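Have a look at data38.cif below; it lists mmCIF, N, CA and C atoms.
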data_data
loop_
_atom_site.label_atom_id
_atom_site.label_comp_id
_atom_site.auth_asym_id
_atom_site.auth_seq_id
_atom_site.Cartn_x
_atom_site.Cartn_y
_atom_site.Cartn_z
N MET D 32 0.85 -1.19 0.00
CA MET D 32 0.00 0.00 0.00
C MET D 32 0.89 1.25 0.00
N LEU D 33 0.45 2.25 -0.68
CA LEU D 33 1.20 3.49 -0.77
C LEU D 33 1.05 4.32 0.50
N ASN D 34 2.08 5.11 0.81
CA ASN D 34 2.10 5.96 1.99
C ASN D 34 1.61 7.36 1.62
N LEU D 35 0.59 7.84 2.33
CA LEU D 35 -0.01 9.14 2.02
C LEU D 35 1.00 10.27 2.12
N LYS D 36 1.79 10.30 3.18
CA LYS D 36 2.76 11.38 3.36
C LYS D 36 3.75 11.43 2.19
N TYR D 37 4.25 10.26 1.78
CA TYR D 37 5.19 10.18 0.67
C TYR D 37 4.55 10.68 -0.63
N ILE D 38 3.31 10.28 -0.86
CA ILE D 38 2.60 10.70 -2.08
C ILE D 38 2.38 12.22 -2.07
N VAL D 39 1.97 12.76 -0.93
CA VAL D 39 1.75 14.21 -0.83
C VAL D 39 3.06 14.96 -1.11
N GLU D 40 4.14 14.51 -0.50
CA GLU D 40 5.44 15.18 -0.67
C GLU D 40 5.96 15.10 -2.11
N ASN D 41 5.52 14.10 -2.87
CA ASN D 41 6.00 13.90 -4.23
C ASN D 41 4.90 14.12 -5.27
N SER D 42 3.93 14.94 -4.94
CA SER D 42 2.79 15.13 -5.84
C SER D 42 2.88 16.36 -6.72
N GLY D 43 3.98 17.11 -6.65
CA GLY D 43 4.11 18.31 -7.49
C GLY D 43 3.99 17.96 -8.96
N ASP D 44 3.32 18.80 -9.73
CA ASP D 44 3.12 18.62 -11.17
C ASP D 44 2.39 17.33 -11.52
N SER D 45 1.50 16.89 -10.66
CA SER D 45 0.67 15.73 -10.97
C SER D 45 -0.43 16.15 -11.93
N ILE D 46 -0.98 15.17 -12.62
CA ILE D 46 -2.05 15.43 -13.59
C ILE D 46 -3.31 14.71 -13.13
N LEU D 47 -4.39 15.47 -12.96
CA LEU D 47 -5.69 14.89 -12.63
C LEU D 47 -6.25 14.27 -13.91
N GLU D 48 -6.35 12.96 -13.93
CA GLU D 48 -6.85 12.28 -15.13
C GLU D 48 -8.38 12.22 -15.14
N ASN D 49 -8.97 11.85 -14.01
CA ASN D 49 -10.43 11.89 -13.89
C ASN D 49 -10.81 11.71 -12.43
N TYR D 50 -12.08 11.93 -12.16
CA TYR D 50 -12.60 11.80 -10.81
C TYR D 50 -14.06 11.39 -10.90
N ASN D 51 -14.56 10.82 -9.80
CA ASN D 51 -15.94 10.38 -9.75
C ASN D 51 -16.37 10.39 -8.29
N TYR D 52 -17.62 10.76 -8.05
CA TYR D 52 -18.15 10.71 -6.70
C TYR D 52 -19.44 9.90 -6.73
N SER D 53 -19.50 8.87 -5.91
CA SER D 53 -20.69 8.04 -5.83
C SER D 53 -20.70 7.32 -4.49
N GLY D 54 -21.88 7.24 -3.90
CA GLY D 54 -22.04 6.48 -2.67
C GLY D 54 -21.17 6.92 -1.52
N GLY D 55 -20.87 8.22 -1.44
CA GLY D 55 -20.07 8.73 -0.34
C GLY D 55 -18.57 8.56 -0.51
N VAL D 56 -18.14 8.13 -1.73
CA VAL D 56 -16.73 7.93 -1.98
C VAL D 56 -16.30 8.76 -3.20
N LEU D 57 -15.30 9.59 -2.99
CA LEU D 57 -14.67 10.36 -4.07
C LEU D 57 -13.50 9.55 -4.57
N MET D 58 -13.48 9.25 -5.87
CA MET D 58 -12.37 8.51 -6.47
C MET D 58 -11.64 9.42 -7.45
N ILE D 59 -10.35 9.54 -7.26
CA ILE D 59 -9.51 10.42 -8.06
C ILE D 59 -8.41 9.59 -8.71
N ASN D 60 -8.30 9.68 -10.03
CA ASN D 60 -7.18 9.07 -10.75
C ASN D 60 -6.18 10.17 -11.04
N LEU D 61 -4.96 9.98 -10.54
CA LEU D 61 -3.94 11.01 -10.61
C LEU D 61 -2.65 10.40 -11.13
N TYR D 62 -2.03 11.10 -12.09
CA TYR D 62 -0.71 10.69 -12.56
C TYR D 62 0.32 11.53 -11.81
N LEU D 63 1.17 10.87 -11.04
CA LEU D 63 2.21 11.54 -10.26
C LEU D 63 3.46 11.64 -11.13
N SER D 64 3.67 12.79 -11.74
CA SER D 64 4.78 12.99 -12.68
C SER D 64 6.13 12.73 -12.03
N ASP D 65 6.33 13.24 -10.82
CA ASP D 65 7.62 13.09 -10.14
C ASP D 65 7.97 11.63 -9.89
N LEU D 66 6.97 10.79 -9.67
CA LEU D 66 7.19 9.37 -9.38
C LEU D 66 6.94 8.48 -10.59
N GLU D 67 6.41 9.08 -11.66
CA GLU D 67 6.04 8.34 -12.87
C GLU D 67 5.12 7.16 -12.53
N LYS D 68 4.09 7.47 -11.72
CA LYS D 68 3.11 6.46 -11.29
C LYS D 68 1.71 7.03 -11.42
N LYS D 69 0.78 6.12 -11.68
CA LYS D 69 -0.63 6.47 -11.61
C LYS D 69 -1.17 5.92 -10.29
N VAL D 70 -1.98 6.74 -9.62
CA VAL D 70 -2.59 6.28 -8.37
C VAL D 70 -4.09 6.54 -8.41
N LEU D 71 -4.80 5.68 -7.72
CA LEU D 71 -6.22 5.87 -7.47
C LEU D 71 -6.34 6.27 -6.01
N ILE D 72 -6.97 7.39 -5.77
CA ILE D 72 -7.18 7.87 -4.40
C ILE D 72 -8.66 7.75 -4.10
N GLU D 73 -8.99 6.97 -3.09
CA GLU D 73 -10.38 6.83 -2.66
C GLU D 73 -10.54 7.57 -1.34
N ILE D 74 -11.53 8.45 -1.29
CA ILE D 74 -11.75 9.26 -0.09
C ILE D 74 -13.21 9.14 0.33
N ARG D 75 -13.44 8.68 1.55
CA ARG D 75 -14.80 8.67 2.10
C ARG D 75 -15.08 10.08 2.63
N THR D 76 -16.06 10.74 2.00
CA THR D 76 -16.35 12.13 2.34
C THR D 76 -17.79 12.48 1.96
N ASP D 77 -18.30 13.53 2.57
CA ASP D 77 -19.62 14.03 2.16
C ASP D 77 -19.65 15.55 2.02
N GLU D 78 -18.48 16.19 2.14
CA GLU D 78 -18.37 17.64 1.98
C GLU D 78 -17.29 17.94 0.96
N MET D 79 -17.67 18.47 -0.22
CA MET D 79 -16.71 18.69 -1.30
C MET D 79 -16.96 20.00 -2.02
N SER D 80 -15.92 20.40 -2.74
CA SER D 80 -16.01 21.55 -3.63
C SER D 80 -15.22 21.21 -4.89
N PHE D 81 -15.78 21.54 -6.06
CA PHE D 81 -15.13 21.30 -7.34
C PHE D 81 -15.05 22.61 -8.11
N LYS D 82 -13.96 22.85 -8.82
CA LYS D 82 -13.83 24.01 -9.70
C LYS D 82 -14.02 23.53 -11.12
N ASN D 83 -15.25 23.56 -11.59
CA ASN D 83 -15.58 23.00 -12.90
C ASN D 83 -14.87 23.67 -14.06
N TYR D 84 -14.55 24.95 -13.95
CA TYR D 84 -13.86 25.61 -15.06
C TYR D 84 -12.59 24.84 -15.41
N TYR D 85 -11.78 24.55 -14.41
CA TYR D 85 -10.52 23.85 -14.65
C TYR D 85 -10.75 22.37 -14.96
N LEU D 86 -11.70 21.76 -14.30
CA LEU D 86 -11.95 20.34 -14.49
C LEU D 86 -12.54 20.04 -15.87
N ASP D 87 -13.23 21.01 -16.45
CA ASP D 87 -13.84 20.82 -17.77
C ASP D 87 -12.87 21.04 -18.92
N GLN D 88 -11.70 21.61 -18.66
CA GLN D 88 -10.74 21.88 -19.72
C GLN D 88 -10.06 20.60 -20.18
N ALA D 89 -9.77 20.51 -21.47
CA ALA D 89 -9.12 19.32 -22.03
C ALA D 89 -7.60 19.35 -21.82
N GLU D 90 -7.01 20.53 -21.76
CA GLU D 90 -5.56 20.66 -21.66
C GLU D 90 -5.06 20.23 -20.28
N GLU D 91 -3.96 19.47 -20.27
CA GLU D 91 -3.36 19.01 -19.00
C GLU D 91 -2.93 20.17 -18.12
N LEU D 92 -2.56 21.28 -18.75
CA LEU D 92 -2.11 22.45 -18.00
C LEU D 92 -3.11 22.83 -16.91
N TYR D 93 -4.40 22.76 -17.22
CA TYR D 93 -5.43 23.15 -16.26
C TYR D 93 -5.65 22.10 -15.18
N LYS D 94 -5.20 20.87 -15.44
CA LYS D 94 -5.39 19.79 -14.48
C LYS D 94 -4.10 19.42 -13.76
N THR D 95 -3.05 20.23 -13.95
CA THR D 95 -1.79 20.01 -13.25
C THR D 95 -1.97 20.51 -11.82
N CYS D 96 -1.57 19.69 -10.86
CA CYS D 96 -1.85 20.02 -9.46
C CYS D 96 -0.89 19.29 -8.52
N ARG D 97 -1.05 19.59 -7.26
CA ARG D 97 -0.35 18.88 -6.19
C ARG D 97 -1.37 18.57 -5.11
N ILE D 98 -1.06 17.60 -4.28
CA ILE D 98 -1.96 17.23 -3.19
C ILE D 98 -1.60 18.02 -1.95
N GLU D 99 -2.61 18.48 -1.26
CA GLU D 99 -2.42 19.18 0.01
C GLU D 99 -3.40 18.58 1.02
N VAL D 100 -2.89 18.21 2.19
CA VAL D 100 -3.72 17.72 3.28
C VAL D 100 -3.38 18.55 4.51
N GLN D 101 -4.42 19.16 5.11
CA GLN D 101 -4.19 20.03 6.27
C GLN D 101 -5.12 19.65 7.41
N ALA D 102 -4.60 19.72 8.62
CA ALA D 102 -5.43 19.52 9.82
C ALA D 102 -6.26 20.79 10.04
N LEU D 103 -7.55 20.64 10.07
CA LEU D 103 -8.44 21.80 10.20
C LEU D 103 -8.22 22.57 11.50
N SER D 104 -7.90 21.87 12.58
CA SER D 104 -7.70 22.54 13.87
C SER D 104 -6.47 23.45 13.85
N ASP D 105 -5.56 23.23 12.90
CA ASP D 105 -4.37 24.08 12.77
C ASP D 105 -4.63 25.35 11.96
N ILE D 106 -5.72 25.38 11.20
CA ILE D 106 -5.93 26.48 10.26
C ILE D 106 -7.24 27.23 10.42
N LEU D 107 -8.14 26.72 11.28
CA LEU D 107 -9.43 27.39 11.49
C LEU D 107 -9.65 27.72 12.96
N SER D 108 -10.47 28.72 13.20
CA SER D 108 -10.86 29.06 14.57
C SER D 108 -11.90 28.06 15.07
N VAL D 109 -11.88 27.82 16.36
CA VAL D 109 -12.81 26.87 16.98
C VAL D 109 -13.47 27.54 18.18
N GLU D 110 -14.79 27.40 18.27
CA GLU D 110 -15.54 27.86 19.44
C GLU D 110 -16.47 26.74 19.86
N ASN D 111 -16.44 26.41 21.13
CA ASN D 111 -17.30 25.35 21.68
C ASN D 111 -17.22 24.05 20.88
N GLY D 112 -16.03 23.73 20.40
CA GLY D 112 -15.83 22.49 19.67
C GLY D 112 -16.33 22.50 18.24
N ILE D 113 -16.62 23.70 17.71
CA ILE D 113 -17.16 23.85 16.35
C ILE D 113 -16.24 24.79 15.57
N TYR D 114 -15.96 24.44 14.29
CA TYR D 114 -15.17 25.33 13.44
C TYR D 114 -16.01 26.55 13.08
N VAL D 115 -15.41 27.74 13.24
CA VAL D 115 -16.11 28.99 12.95
C VAL D 115 -15.24 29.87 12.05
N PRO D 116 -15.88 30.79 11.31
CA PRO D 116 -15.11 31.71 10.46
C PRO D 116 -14.23 32.62 11.30
N SER D 117 -13.14 33.05 10.71
CA SER D 117 -12.27 34.01 11.38
C SER D 117 -13.00 35.34 11.52
N GLY D 118 -12.71 36.05 12.61
CA GLY D 118 -13.26 37.38 12.81
C GLY D 118 -12.54 38.43 11.99
N ASN D 119 -11.37 38.09 11.46
CA ASN D 119 -10.59 38.99 10.62
C ASN D 119 -11.06 38.83 9.18
N PHE D 120 -11.49 39.92 8.54
CA PHE D 120 -12.08 39.84 7.20
C PHE D 120 -11.12 39.24 6.18
N GLY D 121 -9.87 39.65 6.18
CA GLY D 121 -8.89 39.13 5.22
C GLY D 121 -8.68 37.64 5.40
N LYS D 122 -8.59 37.21 6.64
CA LYS D 122 -8.41 35.79 6.93
C LYS D 122 -9.67 35.00 6.53
N PHE D 123 -10.83 35.58 6.80
CA PHE D 123 -12.10 34.96 6.41
C PHE D 123 -12.16 34.76 4.89
N MET D 124 -11.77 35.76 4.13
CA MET D 124 -11.79 35.67 2.67
C MET D 124 -10.81 34.60 2.18
N ASN D 125 -9.66 34.47 2.84
CA ASN D 125 -8.70 33.43 2.48
C ASN D 125 -9.27 32.04 2.78
N GLU D 126 -9.99 31.91 3.88
CA GLU D 126 -10.63 30.64 4.21
C GLU D 126 -11.64 30.25 3.15
N LYS D 127 -12.36 31.21 2.64
CA LYS D 127 -13.34 30.95 1.57
C LYS D 127 -12.62 30.54 0.29
N LYS D 128 -11.59 31.28 -0.07
CA LYS D 128 -10.84 31.00 -1.30
C LYS D 128 -10.20 29.62 -1.27
N THR D 129 -9.76 29.15 -0.12
CA THR D 129 -9.08 27.87 0.01
C THR D 129 -10.02 26.74 0.42
N ASN D 130 -11.32 26.98 0.34
CA ASN D 130 -12.38 25.99 0.63
C ASN D 130 -12.43 25.53 2.07
N ARG D 131 -11.74 26.20 2.95
CA ARG D 131 -11.79 25.83 4.37
C ARG D 131 -13.17 26.10 4.96
N HIS D 132 -13.93 26.97 4.29
CA HIS D 132 -15.28 27.30 4.76
C HIS D 132 -16.19 26.06 4.78
N LEU D 133 -15.80 25.00 4.05
CA LEU D 133 -16.59 23.76 4.07
C LEU D 133 -16.75 23.23 5.49
N ALA D 134 -15.80 23.55 6.36
CA ALA D 134 -15.82 23.02 7.72
C ALA D 134 -16.62 23.88 8.70
N TYR D 135 -17.02 25.09 8.30
CA TYR D 135 -17.76 25.95 9.23
C TYR D 135 -19.00 25.20 9.75
N GLY D 136 -19.16 25.23 11.05
CA GLY D 136 -20.32 24.60 11.68
C GLY D 136 -20.13 23.12 11.99
N GLU D 137 -19.04 22.53 11.52
CA GLU D 137 -18.76 21.11 11.79
C GLU D 137 -18.07 20.97 13.16
N LYS D 138 -18.35 19.87 13.83
CA LYS D 138 -17.67 19.58 15.09
C LYS D 138 -16.24 19.16 14.80
N ILE D 139 -15.32 19.57 15.67
CA ILE D 139 -13.92 19.20 15.45
C ILE D 139 -13.71 17.70 15.57
N THR D 140 -14.63 17.02 16.23
CA THR D 140 -14.52 15.56 16.34
C THR D 140 -15.09 14.85 15.11
N ALA D 141 -15.81 15.57 14.24
CA ALA D 141 -16.45 14.95 13.08
C ALA D 141 -15.63 15.10 11.80
N LYS D 142 -14.93 16.22 11.67
CA LYS D 142 -14.11 16.48 10.48
C LYS D 142 -12.78 17.02 10.96
N LYS D 143 -11.71 16.31 10.62
CA LYS D 143 -10.40 16.71 11.13
C LYS D 143 -9.44 17.23 10.07
N TYR D 144 -9.66 16.90 8.80
CA TYR D 144 -8.72 17.27 7.74
C TYR D 144 -9.44 17.78 6.50
N ILE D 145 -8.71 18.59 5.73
CA ILE D 145 -9.16 18.97 4.41
C ILE D 145 -8.12 18.49 3.40
N PHE D 146 -8.61 17.76 2.40
CA PHE D 146 -7.79 17.23 1.31
C PHE D 146 -8.07 18.10 0.10
N SER D 147 -7.02 18.57 -0.60
CA SER D 147 -7.22 19.40 -1.79
C SER D 147 -6.24 19.02 -2.88
N LEU D 148 -6.69 19.18 -4.12
CA LEU D 148 -5.82 19.16 -5.29
C LEU D 148 -5.66 20.62 -5.69
N VAL D 149 -4.43 21.12 -5.63
CA VAL D 149 -4.17 22.54 -5.83
C VAL D 149 -3.36 22.73 -7.10
N GLY D 150 -3.90 23.54 -8.01
CA GLY D 150 -3.22 23.91 -9.25
C GLY D 150 -3.36 25.41 -9.43
N TYR D 151 -3.95 25.82 -10.55
CA TYR D 151 -4.24 27.24 -10.73
C TYR D 151 -5.17 27.72 -9.63
N ASP D 152 -5.97 26.82 -9.14
CA ASP D 152 -6.93 27.08 -8.08
C ASP D 152 -7.09 25.76 -7.33
N ARG D 153 -7.99 25.69 -6.43
CA ARG D 153 -8.30 24.42 -5.74
C ARG D 153 -9.24 23.66 -6.66
N LEU D 154 -8.72 22.65 -7.34
CA LEU D 154 -9.53 21.89 -8.29
C LEU D 154 -10.60 21.10 -7.56
N ILE D 155 -10.19 20.39 -6.52
CA ILE D 155 -11.09 19.59 -5.70
C ILE D 155 -10.66 19.75 -4.25
N SER D 156 -11.63 19.94 -3.37
CA SER D 156 -11.37 19.94 -1.93
C SER D 156 -12.46 19.12 -1.26
N CYS D 157 -12.08 18.42 -0.20
CA CYS D 157 -13.08 17.68 0.56
C CYS D 157 -12.63 17.54 2.01
N LEU D 158 -13.61 17.38 2.88
CA LEU D 158 -13.35 17.19 4.30
C LEU D 158 -13.35 15.71 4.61
N VAL D 159 -12.47 15.31 5.54
CA VAL D 159 -12.43 13.91 5.96
C VAL D 159 -12.36 13.83 7.49
N PHE D 160 -12.93 12.75 8.00
CA PHE D 160 -12.92 12.52 9.45
C PHE D 160 -11.50 12.33 9.94
N ASP D 161 -10.77 11.43 9.32
CA ASP D 161 -9.36 11.23 9.65
C ASP D 161 -8.64 10.71 8.42
N LEU D 162 -7.34 10.54 8.53
CA LEU D 162 -6.55 10.13 7.37
C LEU D 162 -6.83 8.71 6.92
N ASP D 163 -7.44 7.90 7.79
CA ASP D 163 -7.83 6.55 7.39
C ASP D 163 -8.97 6.55 6.38
N CYS D 164 -9.61 7.68 6.17
CA CYS D 164 -10.66 7.82 5.16
C CYS D 164 -10.07 7.94 3.75
N ILE D 165 -8.75 8.06 3.66
CA ILE D 165 -8.06 8.20 2.38
C ILE D 165 -7.28 6.91 2.12
N THR D 166 -7.59 6.25 1.00
CA THR D 166 -6.92 5.01 0.62
C THR D 166 -6.27 5.21 -0.74
N LEU D 167 -5.03 4.76 -0.86
CA LEU D 167 -4.25 4.93 -2.10
C LEU D 167 -3.96 3.57 -2.72
N TYR D 168 -4.09 3.52 -4.05
CA TYR D 168 -3.77 2.31 -4.80
C TYR D 168 -2.91 2.69 -5.98
N GLU D 169 -1.87 1.93 -6.23
CA GLU D 169 -1.09 2.14 -7.43
C GLU D 169 -1.82 1.47 -8.60
N VAL D 170 -1.92 2.19 -9.71
CA VAL D 170 -2.63 1.69 -10.89
C VAL D 170 -1.58 1.22 -11.89
N ALA D 171 -1.74 0.02 -12.38
CA ALA D 171 -0.80 -0.52 -13.37
C ALA D 171 -0.86 0.32 -14.63
N SER D 172 0.30 0.63 -15.18
CA SER D 172 0.39 1.42 -16.40
C SER D 172 0.00 0.57 -17.60
N THR D 173 -0.73 1.18 -18.53
CA THR D 173 -1.12 0.49 -19.75
C THR D 173 -0.18 0.84 -20.89
N ASN D 174 0.85 1.64 -20.61
CA ASN D 174 1.84 2.00 -21.64
C ASN D 174 2.84 0.87 -21.82
N GLY D 175 3.40 0.76 -23.02
CA GLY D 175 4.49 -0.15 -23.22
C GLY D 175 4.10 -1.28 -24.01
#
Show me, as structure tokens, the structure contained in the file I just sent.
Amino acid sequence: MLNLKYIVENSGDSILENYNYSGGVLMINLYLSDLEKKVLIEIRTDEMSFKNYYLDQAEELYKTCRIEVQALSDILSVENGIYVPSGNFGKFMNEKKTNRHLAYGEKITAKKYIFSLVGYDRLISCLVFDLDCITLYEVASTNG
């Protein structure tokens, strides 16, 4: 099985090949250029954001991205065990731009991380309970 930390650290200039969401599972096919590997990422989630402008483009340039995984408690304000927007307007706008707003109103015990594919913008972002909700599989290459 692939190691999430290793994949995240080596995900620069990856290409999003396709994605699908069904039955509470987001499936992402990603070509990791730095590792010359294709991976399938399965994420159990129910809170997502997609940037269709970039995802609808045919050119790889628009689907070039890297993986980012962040602990929500490190990047969002918390009151009474619930993620809340920042009181600072600039910080609040940054939270919206980076899709962290998906966690507003969620209990810190229910959603702990945000997973994103970051390129020109955040192509895909989703909230996960813990890192065990993310499963990685190496996909056999059909080239050759």
Explicit residues for the PyMOL selection byres (((chain D and resi 94-109 and name CA) around 7) and name CA) (as an MDAnalysis selection string): chainID D and resid 39 42:47 85:86 91:93 110:117 143:150
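The smallest atom-to-atom distance between Glu169 of chain D and any of D:Ala134, D:Thr140, D:Leu33, D:Ser64, using all atoms listed in the file, is found for D:Leu33.
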Evaluate the PyMOL selection byres ((chain D and resi 158) around 6) on the structure here and hand back the selected residues as a short mmCIF file (atom, residue, chain, number, x, y, z; two decimals) with N, CA and C atoms, keeping the file's coordinate frame.
data_model
loop_
_atom_site.label_atom_id
_atom_site.label_comp_id
_atom_site.auth_asym_id
_atom_site.auth_seq_id
_atom_site.Cartn_x
_atom_site.Cartn_y
_atom_site.Cartn_z
N THR D 76 -16.06 10.74 2.00
CA THR D 76 -16.35 12.13 2.34
C THR D 76 -17.79 12.48 1.96
N ASP D 77 -18.30 13.53 2.57
CA ASP D 77 -19.62 14.03 2.16
C ASP D 77 -19.65 15.55 2.02
N GLU D 78 -18.48 16.19 2.14
CA GLU D 78 -18.37 17.64 1.98
C GLU D 78 -17.29 17.94 0.96
N MET D 79 -17.67 18.47 -0.22
CA MET D 79 -16.71 18.69 -1.30
C MET D 79 -16.96 20.00 -2.02
N LYS D 142 -14.93 16.22 11.67
CA LYS D 142 -14.11 16.48 10.48
C LYS D 142 -12.78 17.02 10.96
N TYR D 144 -9.66 16.90 8.80
CA TYR D 144 -8.72 17.27 7.74
C TYR D 144 -9.44 17.78 6.50
N ILE D 145 -8.71 18.59 5.73
CA ILE D 145 -9.16 18.97 4.41
C ILE D 145 -8.12 18.49 3.40
N PHE D 146 -8.61 17.76 2.40
CA PHE D 146 -7.79 17.23 1.31
C PHE D 146 -8.07 18.10 0.10
N SER D 156 -11.63 19.94 -3.37
CA SER D 156 -11.37 19.94 -1.93
C SER D 156 -12.46 19.12 -1.26
N CYS D 157 -12.08 18.42 -0.20
CA CYS D 157 -13.08 17.68 0.56
C CYS D 157 -12.63 17.54 2.01
N VAL D 159 -12.47 15.31 5.54
CA VAL D 159 -12.43 13.91 5.96
C VAL D 159 -12.36 13.83 7.49
N PHE D 160 -12.93 12.75 8.00
CA PHE D 160 -12.92 12.52 9.45
C PHE D 160 -11.50 12.33 9.94
#
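Taking atom C of Ala141 of chain D and atom C of Asp161 of chain D as the two end points, the separation is 8.9 Å.
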Taking the backbone alone, and naming residues the way the document does, which bits of chain D are strand (DSSP E or B) by DSSP, as number ranges by chain? D: 45-53, 56-63, 68-75, 79-81, 95-102, 108-110, 113-115, 138, 144-149, 153-159, 165-170
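Ranking D:Glu73, D:Asp65, D:Glu126, D:Glu48 by their shortest atom-to-atom distance to Ile165 of chain D, with all atoms listed in the file included, puts D:Glu73 first.
Between atom C of Tyr52 of chain D and atom CA of Glu67 of chain D the interatomic distance comes to 26.3 Å.
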Show me the residues close to (-14.6, 23.4, -13.6) - anything with an atom within 12 Å, counting only C-alpha atoms - and format the list as number ranges by chain. D: 80-89, 93-94, 151-155
Where atoms are absent from segment 40-47 of chain D, fill them in so it carries all heavy atoms, then output it as a CSV table (one decimal), in the coordinates of the input.
chain,number,residue,atom,x,y,z
D,40,GLU,N,4.1,14.5,-0.5
D,40,GLU,CA,5.4,15.2,-0.7
D,40,GLU,C,6.0,15.1,-2.1
D,40,GLU,O,6.8,15.9,-2.5
D,40,GLU,CB,6.5,14.6,0.3
D,40,GLU,CG,6.2,14.9,1.7
D,40,GLU,CD,7.1,14.1,2.7
D,40,GLU,OE1,7.9,13.2,2.2
D,40,GLU,OE2,7.1,14.4,3.9
D,41,ASN,N,5.5,14.1,-2.9
D,41,ASN,CA,6.0,13.9,-4.2
D,41,ASN,C,4.9,14.1,-5.3
D,41,ASN,O,5.0,13.5,-6.4
D,41,ASN,CB,6.6,12.5,-4.4
D,41,ASN,CG,7.9,12.4,-3.6
D,41,ASN,OD1,8.9,12.8,-4.0
D,41,ASN,ND2,7.8,11.8,-2.4
D,42,SER,N,3.9,14.9,-4.9
D,42,SER,CA,2.8,15.1,-5.8
D,42,SER,C,2.9,16.4,-6.7
D,42,SER,O,2.0,16.6,-7.5
D,42,SER,CB,1.5,15.2,-5.0
D,42,SER,OG,1.5,16.4,-4.2
D,43,GLY,N,4.0,17.1,-6.6
D,43,GLY,CA,4.1,18.3,-7.5
D,43,GLY,C,4.0,18.0,-9.0
D,43,GLY,O,4.5,16.9,-9.4
D,44,ASP,N,3.3,18.8,-9.7
D,44,ASP,CA,3.1,18.6,-11.2
D,44,ASP,C,2.4,17.3,-11.5
D,44,ASP,O,2.6,16.7,-12.6
D,44,ASP,CB,4.4,18.7,-11.9
D,44,ASP,CG,5.1,20.1,-11.9
D,44,ASP,OD1,4.3,21.1,-11.8
D,44,ASP,OD2,6.3,20.2,-11.9
D,45,SER,N,1.5,16.9,-10.7
D,45,SER,CA,0.7,15.7,-11.0
D,45,SER,C,-0.4,16.2,-11.9
D,45,SER,O,-0.8,17.3,-12.0
D,45,SER,CB,0.0,15.2,-9.7
D,45,SER,OG,1.1,14.7,-8.8
D,46,ILE,N,-1.0,15.2,-12.6
D,46,ILE,CA,-2.0,15.4,-13.6
D,46,ILE,C,-3.3,14.7,-13.1
D,46,ILE,O,-3.3,13.5,-12.9
D,46,ILE,CB,-1.7,14.9,-15.0
D,46,ILE,CG1,-0.3,15.5,-15.5
D,46,ILE,CG2,-2.8,15.3,-16.0
D,46,ILE,CD1,-0.3,17.0,-15.6
D,47,LEU,N,-4.4,15.5,-13.0
D,47,LEU,CA,-5.7,14.9,-12.6
D,47,LEU,C,-6.2,14.3,-13.9
D,47,LEU,O,-6.5,15.0,-14.9
D,47,LEU,CB,-6.6,16.0,-12.1
D,47,LEU,CG,-8.1,15.5,-11.9
D,47,LEU,CD1,-8.2,14.4,-10.8
D,47,LEU,CD2,-8.9,16.7,-11.5
